[in-house]
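Engineer: Below is one structure. I have some questions about it.
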Amino acid sequence: MNSCDREGGHCTEMAMVCLTDFEEYAKEHLSKATWDYYAAGADECCTRDDNLLAYKRIRLRPRILRDVSVSDTRTTVQGMEISFPVGVAPTAFHCLAWHEGEVATARAAESINTCYITSTYSTCSVEEIAAAAPGGYRWFQLYVYRDRKLSEMIVQRVESLGYKALVLTVDVPYTGKRRNDIRNQFKLPPHLKVKNFEGMFQQEASVPEEYGIPANTLDPSISWKDVSWLQSITRLPVIIKGILTKEDAELAVEHGVQGVIVSNHGGRQLDGGPASIDALSEIVDAVQGRIEVYVDGGIRTGSDVLKALALGARCVFIGRPIVWGLAYKGEEGVREVLQILNDEFRLSMTLSGCRNISEINRNLIQFSRL
């Protein structure tokens, strides 16, 4: 953010203090269509907005006089150590926010030592991302397509590139109705492509495009048998993203997946579903430690991260704030967003009387609703 000294006419850069500072910067500097695409929720955006409001309804019960002179934010996900329990959620089209796109995101995640879930809908290829951050810890988010060969080919590519898990998004049999994208007739600009599928669609001009690939490419018949199919073609752990009920969490465990991400797709799919943090407890209770449970949607502060961990999440993932960081300053902006969240989380954790992740539990949460 710039503030100008009226008399001197020179601009000084204002410090970015919290994640909403990056949001304001991005809204000001991105084109309307790009901002609307990233900000979009489905229909009336009730679920998108509730993702944030739900965190504000949760109160902490801090413990005092616990000697928090030394603290440690490290944790592990799928057996791999990360520096703090915040990873990068899969979001599409990073080149719309910054010219280097996902390559910049990958470098930032690597430098902070956390997990980056690369989106299928990336504007850089999985190969470019792996080359840019060779030491980075990465998972790959995928969809099941009508043409299973497409899904199969990308699985083989990421496996050979050293991606460590597959994140299957299961809440998009059809794309949610995002009103502003329809009004803006959102399309990728001609110089950008869904890089992972370059040259794979022999597209006829008559076929309409939806978010960079031909419409009707996603398979609405996807079911639990496709989870088994995916497990049969890969050695990588499979994590399911988009679960909101204990019933589906139980089925996920029964189908042998290694983790679930409690998620409503940033409120972009079904409007009127629960905030993801409100769905977390019942899923944690259903899973009973058999697999790891993660959550995304609405995390904007370090105390949000603390609340999610206290309610049983192993780790949280952030989506839109990463894009805001990119819009601000590319790799450096993403690193700043992650660093601010790390610092805030450490502060909230210690102010609550916790010295490390293992000391965070449900006793930190006040359940009474006055």
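Following the order of the structure tokens, first chain is A, next is B, and so on, with residues numbered from 1 inside each chain and ligands from 1 in the order they appear.
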I want to know what sits within 8 Å of Pro173 (chain A), based on only C-alpha atoms, with residues of the same chain fewer than 6 positions away left out; could you give that as a PyMOL selection string?

Structural biologist: chain A and resi 218-222

Engineer: What residues in region 254-340 of chain A get the DSSP label helix (DSSP H, G or I)? Please answer as a VMD selection string.

Structural biologist: chain A and resid 254 265 to 267 276 to 287 302 to 310 320 to 340

Engineer: Per residue of region 165-207 of chain A within 12 Å of region 25-31 of chain A, which atom pair is closest and at what distance in Å (one decimal), using only C-alpha atoms, listed by chain and increasing number, as JSON lines?

Structural biologist:
```
{"residue": "A:Asn184", "atom": "CA", "partner": "A:Ser31", "partner_atom": "CA", "distance": 11.2}
{"residue": "A:Phe186", "atom": "CA", "partner": "A:Ser31", "partner_atom": "CA", "distance": 11.5}
{"residue": "A:Pro189", "atom": "CA", "partner": "A:Ser31", "partner_atom": "CA", "distance": 11.8}
```

Engineer: Produce a table with one row for each residue of region 138-195 of chain A that has an atom at most 6 Å from any atom of region 115-123 of chain A, each row naming the nearest atom pair and its distance in Å at one decimal; use only C-alpha atoms; arrange rows by chain and rising residue number; format as a tab-separated table.

Structural biologist:
```
residue	atom	partner	partner_atom	distance
A:Arg138	CA	A:Tyr116	CA	4.9
A:Trp139	CA	A:Ile117	CA	4.6
A:Phe140	CA	A:Thr118	CA	4.9
A:Gln141	CA	A:Ser119	CA	5.1
A:Leu142	CA	A:Thr120	CA	5.4
A:Lys193	CA	A:Thr123	CA	5.7
A:Val194	CA	A:Thr123	CA	5.1
A:Lys195	CA	A:Thr123	CA	5.2
```

Engineer: Restrict the selected residues to N, CA and C atoms and save them as a JSON list (two decimals), in the first residue's frame.

Structural biologist:
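Result file follows (out.json):
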```json
[["chain", "number", "residue", "atom", "x", "y", "z"],
["A", 138, "ARG", "N", 5.21, -30.87, -1.98],
["A", 138, "ARG", "CA", 4.03, -30.58, -2.79],
["A", 138, "ARG", "C", 3.07, -31.76, -2.87],
["A", 139, "TRP", "N", 1.77, -31.43, -2.82],
["A", 139, "TRP", "CA", 0.73, -32.38, -3.18],
["A", 139, "TRP", "C", 0.09, -31.87, -4.47],
["A", 140, "PHE", "N", -0.65, -32.72, -5.15],
["A", 140, "PHE", "CA", -1.31, -32.31, -6.38],
["A", 140, "PHE", "C", -2.82, -32.51, -6.28],
["A", 141, "GLN", "N", -3.57, -31.44, -6.57],
["A", 141, "GLN", "CA", -5.03, -31.51, -6.55],
["A", 141, "GLN", "C", -5.55, -31.89, -7.92],
["A", 142, "LEU", "N", -6.45, -32.87, -7.97],
["A", 142, "LEU", "CA", -6.97, -33.26, -9.28],
["A", 142, "LEU", "C", -8.48, -33.50, -9.24],
["A", 193, "LYS", "N", -2.92, -20.17, -20.35],
["A", 193, "LYS", "CA", -3.52, -21.47, -20.64],
["A", 193, "LYS", "C", -3.58, -22.28, -19.35],
["A", 194, "VAL", "N", -4.49, -23.27, -19.29],
["A", 194, "VAL", "CA", -4.41, -24.29, -18.25],
["A", 194, "VAL", "C", -3.26, -25.19, -18.70],
["A", 195, "LYS", "N", -2.08, -24.88, -18.20],
["A", 195, "LYS", "CA", -0.83, -25.43, -18.75],
["A", 195, "LYS", "C", -0.76, -26.96, -18.72]]
```

Engineer: With region 270-284 of chain A as the partner and 10 Å as the cut-off, tabulate the residues of region 172-223 of chain A that qualify, each row holding the nearest pair of atoms and their distance in Å to one decimal, using only C-alpha atoms, sorted by chain and rising number, as JSON lines.

Structural biologist:
```
{"residue": "A:Val172", "atom": "CA", "partner": "A:Leu270", "partner_atom": "CA", "distance": 9.3}
{"residue": "A:Thr175", "atom": "CA", "partner": "A:Leu270", "partner_atom": "CA", "distance": 9.3}
{"residue": "A:Gly176", "atom": "CA", "partner": "A:Leu270", "partner_atom": "CA", "distance": 6.4}
{"residue": "A:Lys177", "atom": "CA", "partner": "A:Leu270", "partner_atom": "CA", "distance": 8.5}
```

Engineer: Let me see the file: selected residues, all heavy atoms, as a compact mmCIF listing (two decimals), in the first residue's frame.

Structural biologist:
```
# COMPACT_ATOMS: atom_id res chain seq x y z
N VAL A 172 -17.26 -31.03 -6.93
CA VAL A 172 -17.56 -30.34 -8.20
C VAL A 172 -18.03 -31.31 -9.29
O VAL A 172 -17.38 -31.46 -10.33
CB VAL A 172 -16.31 -29.54 -8.71
CG1 VAL A 172 -16.70 -28.61 -9.86
CG2 VAL A 172 -15.68 -28.74 -7.60
N THR A 175 -20.02 -27.22 -11.89
CA THR A 175 -19.48 -25.98 -11.32
C THR A 175 -20.61 -25.15 -10.70
O THR A 175 -21.68 -25.02 -11.29
CB THR A 175 -18.79 -25.16 -12.43
OG1 THR A 175 -17.81 -25.99 -13.04
CG2 THR A 175 -18.09 -23.95 -11.86
N GLY A 176 -20.35 -24.60 -9.51
CA GLY A 176 -21.32 -23.74 -8.84
C GLY A 176 -21.63 -22.50 -9.67
O GLY A 176 -20.86 -22.12 -10.56
N LYS A 177 -22.76 -21.87 -9.37
CA LYS A 177 -23.17 -20.67 -10.11
C LYS A 177 -22.56 -19.44 -9.45
O LYS A 177 -23.00 -19.00 -8.38
CB LYS A 177 -24.70 -20.56 -10.12
CG LYS A 177 -25.19 -19.36 -10.92
CD LYS A 177 -26.71 -19.29 -10.96
CE LYS A 177 -27.18 -18.08 -11.74
NZ LYS A 177 -28.66 -17.98 -11.77
```

Engineer: From the list A:His94, A:Lys164, A:Arg178, A:Arg148, which residue is nearest Ile322 (chain A) when using only C-alpha atoms?

Structural biologist: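 For Ile322 (chain A), the nearest of the given residues is A:His94.
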
Engineer: Just list as JSON, numbers by chain whatever in region 165-319 of chain A DSSP marks as strand (DSSP E or B).

Structural biologist: {"A": [166, 167, 168, 169, 209, 210, 213, 214, 218, 238, 239, 240, 241, 242, 243, 259, 260, 261, 262, 292, 293, 294, 295, 296, 315, 316, 317, 318]}
